[in-house]
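Only one structure is covered here, and it is reproduced in the block below.
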Amino acid sequence: MLERVRSGRLGTSELFDESVCRLGPRCCTFEPLEPCVDTPPPGADEVDEKRQVVDTGVALGEEVALEALEAPDCLVQQPADLGDVARDGQHLRAQPIAHGAPDMGRNRCFELGSRRGERLDLLARAYERGFDVGGCRSARGRVCDPLLRSLECQGIHARRGYSARRMDTAELDYDLPPELIAQHPIEPRDASRLLVYRRSSGGIEHRTFSELPDLVGDRLVVVNDTKVVPARLRLRRSSGAAVEVLLVESLDDDRWEALARPSRRLRAGEQLGPVLLVEQLGGGRWIVQLEGEPGGEAPLPPYIREPFADSARYQTVYGEASGSAAAPTAGLHFTSALVEALDPARVTLHVGLDTFRPVTEARVEEHEIHGERYLVSADAWGRISSARRVLAVGTTTVRVLETVARTGELAGRTMLFVTPGFVFRRVDALLTNFHLPRSTLLAMVMAFVGVEEVREIYRAAIAERYRFYSFGDAMVVL
């Protein structure tokens, strides 16, 4: 018997029978078990018209007739998780497969699958699965290899205090010496300082704004051409008491949404010079009716405390569409010569009071952001959508571009709220001023650059005595 087993001449059933015989008179019982093979796939008559294979499991010895399947035009593996994405870079769709971030190295080989001028959002590749981002940080806390920086973007927001879904408002805090808050604009406009941050290397350079054309390269510059309304009206009640009305947004020919103070003492139907109070909305907000055009002062930010005579310096040189309650301050550095040299594309977003309103909720995502009206001409969007790379001038321009990139609507009202974890689809570089703590603008910059990176940039700017806020210096992220 042993010889037959070793030689392979004893079958499975004979070996089993022999083993049972050796048990002698003892009772032998068998328990029913489930078969250890998968259910065979449906027959040919059960395959649907698209000829999709539902189950590839085949029982041992089962004969299954398979019919030829038509090859698909473009096969993309659907990911099970962030680390499991389509392995063939040639067939990646332009739409992100999962929540991810753009390739920070801007390597063109990752754009081969884009179509009709669309740009790919690079996600963690299959060979990066299980990779510990925290293990490859340098002593300064940054991944130095530019090819790994996109992977860092997947993990950067998972650290303490923020993630792709939530962010503690305390993460937007930083300490700023009060003497660095600029009270007056510098002359000439392009003499302001420009901090340059290069994402591929993490390097910081110190330039002047007049050098911007040397840094732009092949990027299309896009600006917001809104103009600030002289909307701060200092009025008096019939009793002689002082009232201040700030026009926020035009609703129709003569009606505006406005802020008024002291609001609690005012009543609907009251006439304040050229302003009629129509309806109280709460929180100091009113619907008002205005006689004629706004003829007040420029609504300077509350941190500008020194007298300011030249209201034209709170306007950009390229502004055309009147309607903002605040200036798109990144554009204040441009001279007419720079505009001519860069030939920017223009979009319009009328800036509301969210520019001044701090985030007061414990979590950033709980902050209610107000909508803002925007307009993009078809010609301008044609230039923008076909550009290889885009440099957005200011956070307001970012809101417009990313809104249109998602909705395809060239006019409307945007409620887009950009926080860390946001995936940018059209903006590749950002020029902006240094923003207030606990502001939605700072949250957007952190979303674009990275939370820790922005902290490092701001520390460097403070150490180098850059001027902050509306009349301050600028930074550009390339």
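By convention in this document, the chains of the structure tokens carry letters A, B, ... by their order, each chain's residues are numbered from 1, and ligands are numbered from 1 in the order they are shown.
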From a DSSP calculation on the backbone, collect every residue of range 284-334 of chain A in strand (DSSP E or B) and output the set as an MDAnalysis selection string. chainID A and resid 285:290 297 321:324
Leaving out Ser210 in chain A and any residue of its chain fewer than 6 positions from it, which residues lie within 10 Å of it when counting only C-alpha atoms, given as a ChimeraX atom specification? /A:188-194,333-335,337-338
Taking 5 positions as the minimum chain separation for residues in the same chain, which residues sit within 6 Å of range 246-252 of chain A when counting only C-alpha atoms? Answer as a PyMOL selection string. chain A and resi 231-232+257-259+325
Next, the residues of the selection above should be written as an mmCIF file, in the first residue's frame with N, CA, C and O atoms.
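Final output, saved to selection-v6.cif:
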data_model
loop_
_atom_site.group_PDB
_atom_site.id
_atom_site.type_symbol
_atom_site.label_atom_id
_atom_site.label_comp_id
_atom_site.auth_asym_id
_atom_site.auth_seq_id
_atom_site.Cartn_x
_atom_site.Cartn_y
_atom_site.Cartn_z
ATOM 1 N N ALA A 231 -18.750 103.445 -1.029
ATOM 2 C CA ALA A 231 -19.990 102.955 -0.429
ATOM 3 C C ALA A 231 -20.159 103.288 1.042
ATOM 4 O O ALA A 231 -21.190 102.963 1.625
ATOM 5 N N ARG A 232 -19.175 103.923 1.677
ATOM 6 C CA ARG A 232 -19.323 104.269 3.096
ATOM 7 C C ARG A 232 -19.982 105.638 3.199
ATOM 8 O O ARG A 232 -19.354 106.667 2.879
ATOM 9 N N GLU A 257 -28.232 95.956 -0.674
ATOM 10 C CA GLU A 257 -28.058 95.366 0.651
ATOM 11 C C GLU A 257 -26.978 96.185 1.335
ATOM 12 O O GLU A 257 -25.950 96.500 0.730
ATOM 13 N N ALA A 258 -27.208 96.535 2.584
ATOM 14 C CA ALA A 258 -26.285 97.431 3.271
ATOM 15 C C ALA A 258 -26.137 97.031 4.733
ATOM 16 O O ALA A 258 -26.956 96.276 5.291
ATOM 17 N N LEU A 259 -25.086 97.550 5.352
ATOM 18 C CA LEU A 259 -24.898 97.458 6.794
ATOM 19 C C LEU A 259 -25.113 98.849 7.378
ATOM 20 O O LEU A 259 -24.647 99.848 6.799
ATOM 21 N N ALA A 325 -17.397 95.899 -2.377
ATOM 22 C CA ALA A 325 -17.313 96.549 -1.073
ATOM 23 C C ALA A 325 -15.887 96.554 -0.553
ATOM 24 O O ALA A 325 -15.595 97.181 0.468
#
Fewer than 6 positions away in the same chain doesn't count, so skip those; otherwise give me all residues within 10 Å of Glu368 in chain A, counting only C-alpha atoms, as a list in words.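 Result of the neighbour search: Asp354, Val359, Thr360, Glu361, Met415 and Phe417 of chain A.
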What would the file look like if the residues just selected were written as a PDB file, in the first residue's frame with N, CA, C and O atoms?
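As a result, again-v8.pdb now contains:
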ATOM      1  N   ASP A 354     -17.238  89.341   3.294  1.00  0.00           N
ATOM      2  CA  ASP A 354     -16.536  88.191   3.864  1.00  0.00           C
ATOM      3  C   ASP A 354     -15.035  88.451   3.959  1.00  0.00           C
ATOM      4  O   ASP A 354     -14.337  87.802   4.731  1.00  0.00           O
ATOM      5  N   VAL A 359     -13.572  84.175  10.880  1.00  0.00           N
ATOM      6  CA  VAL A 359     -14.234  82.908  11.189  1.00  0.00           C
ATOM      7  C   VAL A 359     -14.349  82.805  12.704  1.00  0.00           C
ATOM      8  O   VAL A 359     -13.343  82.803  13.414  1.00  0.00           O
ATOM      9  N   THR A 360     -15.567  82.737  13.216  1.00  0.00           N
ATOM     10  CA  THR A 360     -15.789  82.703  14.664  1.00  0.00           C
ATOM     11  C   THR A 360     -16.175  81.321  15.172  1.00  0.00           C
ATOM     12  O   THR A 360     -16.132  81.063  16.369  1.00  0.00           O
ATOM     13  N   GLU A 361     -16.582  80.419  14.281  1.00  0.00           N
ATOM     14  CA  GLU A 361     -16.963  79.069  14.693  1.00  0.00           C
ATOM     15  C   GLU A 361     -15.721  78.260  15.065  1.00  0.00           C
ATOM     16  O   GLU A 361     -14.611  78.565  14.636  1.00  0.00           O
ATOM     17  N   MET A 415     -20.829  80.313  -4.248  1.00  0.00           N
ATOM     18  CA  MET A 415     -20.811  80.026  -2.815  1.00  0.00           C
ATOM     19  C   MET A 415     -19.592  79.167  -2.473  1.00  0.00           C
ATOM     20  O   MET A 415     -19.524  78.588  -1.390  1.00  0.00           O
ATOM     21  N   PHE A 417     -16.438  77.639  -1.109  1.00  0.00           N
ATOM     22  CA  PHE A 417     -15.682  77.841   0.123  1.00  0.00           C
ATOM     23  C   PHE A 417     -14.481  76.906   0.078  1.00  0.00           C
ATOM     24  O   PHE A 417     -14.609  75.696   0.177  1.00  0.00           O
TER      25      PHE A 417
END
If you count only C-alpha atoms, which residues fall within 12 Å of Arg237 in chain A, apart from same-chain ones fewer than 2 positions away, as an NGL selection string? :A and (234-235 or 239-245 or 261-262 or 265-267 or 270-277)
Using only N, CA and C atoms, please write the residues we just selected to a file, as a short mmCIF file (atom, residue, chain, number, x, y, z; two decimals), in the first residue's frame.
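Writing done, so here's part27.cif:
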data_model
loop_
_atom_site.label_atom_id
_atom_site.label_comp_id
_atom_site.auth_asym_id
_atom_site.auth_seq_id
_atom_site.Cartn_x
_atom_site.Cartn_y
_atom_site.Cartn_z
N ARG A 234 -21.73 108.53 5.48
CA ARG A 234 -21.86 109.07 6.84
C ARG A 234 -23.07 110.00 6.84
N LEU A 235 -24.13 109.59 7.52
CA LEU A 235 -25.41 110.26 7.45
C LEU A 235 -25.87 110.67 8.85
N SER A 239 -33.00 113.53 14.16
CA SER A 239 -32.65 114.02 15.49
C SER A 239 -31.23 114.59 15.53
N GLY A 240 -30.48 114.39 14.46
CA GLY A 240 -29.10 114.86 14.43
C GLY A 240 -28.09 113.79 14.79
N ALA A 241 -28.55 112.59 15.24
CA ALA A 241 -27.65 111.51 15.60
C ALA A 241 -26.95 110.95 14.36
N ALA A 242 -25.67 110.63 14.53
CA ALA A 242 -24.87 110.13 13.41
C ALA A 242 -25.21 108.67 13.11
N VAL A 243 -25.27 108.34 11.83
CA VAL A 243 -25.51 106.98 11.35
C VAL A 243 -24.53 106.70 10.21
N GLU A 244 -23.99 105.50 10.21
CA GLU A 244 -23.10 105.09 9.11
C GLU A 244 -23.74 103.95 8.34
N VAL A 245 -23.83 104.11 7.02
CA VAL A 245 -24.39 103.07 6.15
C VAL A 245 -23.30 102.64 5.17
N ARG A 261 -25.24 101.18 11.18
CA ARG A 261 -25.01 101.23 12.62
C ARG A 261 -25.21 102.66 13.13
N PRO A 262 -25.78 102.81 14.33
CA PRO A 262 -26.26 101.75 15.23
C PRO A 262 -27.59 101.19 14.75
N ARG A 265 -31.31 101.05 16.76
CA ARG A 265 -32.12 102.25 16.94
C ARG A 265 -32.85 102.67 15.67
N LEU A 266 -32.54 102.01 14.57
CA LEU A 266 -33.14 102.42 13.30
C LEU A 266 -34.45 101.68 13.06
N ARG A 267 -35.32 102.29 12.23
CA ARG A 267 -36.63 101.72 11.95
C ARG A 267 -36.86 101.71 10.44
N GLU A 270 -37.49 104.80 7.68
CA GLU A 270 -36.78 106.02 8.07
C GLU A 270 -35.91 106.52 6.92
N GLN A 271 -35.92 107.83 6.70
CA GLN A 271 -35.12 108.45 5.64
C GLN A 271 -33.85 109.02 6.23
N LEU A 272 -32.72 108.63 5.67
CA LEU A 272 -31.41 109.12 6.11
C LEU A 272 -30.74 109.79 4.91
N GLY A 273 -31.03 111.06 4.68
CA GLY A 273 -30.49 111.72 3.51
C GLY A 273 -30.93 111.02 2.24
N PRO A 274 -30.00 110.57 1.41
CA PRO A 274 -30.38 109.88 0.17
C PRO A 274 -30.76 108.42 0.36
N VAL A 275 -30.74 107.93 1.59
CA VAL A 275 -30.98 106.51 1.87
C VAL A 275 -32.31 106.34 2.58
N LEU A 276 -33.15 105.45 2.06
CA LEU A 276 -34.39 105.06 2.71
C LEU A 276 -34.24 103.64 3.22
N LEU A 277 -34.47 103.43 4.53
CA LEU A 277 -34.40 102.09 5.11
C LEU A 277 -35.68 101.34 4.75
#
Have a look at CA of Ser386 in chain A and CA of Met475 in chain A and let me know their distance in Å, one decimal.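 Rounded to one decimal, the two atoms are 25.6 Å apart.
Of note, CA of Thr395 in chain A and CA of Asp253 in chain A are spaced 28.4 Å apart.
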Please report, as an mmCIF file with C-alpha atoms, in the first residue's frame, each residue of range 252-348 of chain A to which DSSP assigns alpha helix (DSSP H) when run on this structure's backbone.
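As a result, part09.cif now contains:
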data_model
loop_
_atom_site.group_PDB
_atom_site.id
_atom_site.type_symbol
_atom_site.label_atom_id
_atom_site.label_comp_id
_atom_site.auth_asym_id
_atom_site.auth_seq_id
_atom_site.Cartn_x
_atom_site.Cartn_y
_atom_site.Cartn_z
ATOM 1 C CA SER A 336 -0.088 100.038 -16.242
ATOM 2 C CA ALA A 337 3.297 98.942 -17.617
ATOM 3 C CA LEU A 338 3.064 95.563 -15.870
ATOM 4 C CA VAL A 339 -0.463 95.035 -17.169
ATOM 5 C CA GLU A 340 0.702 95.758 -20.703
ATOM 6 C CA ALA A 341 3.659 93.397 -20.364
ATOM 7 C CA LEU A 342 1.634 90.493 -18.928
#
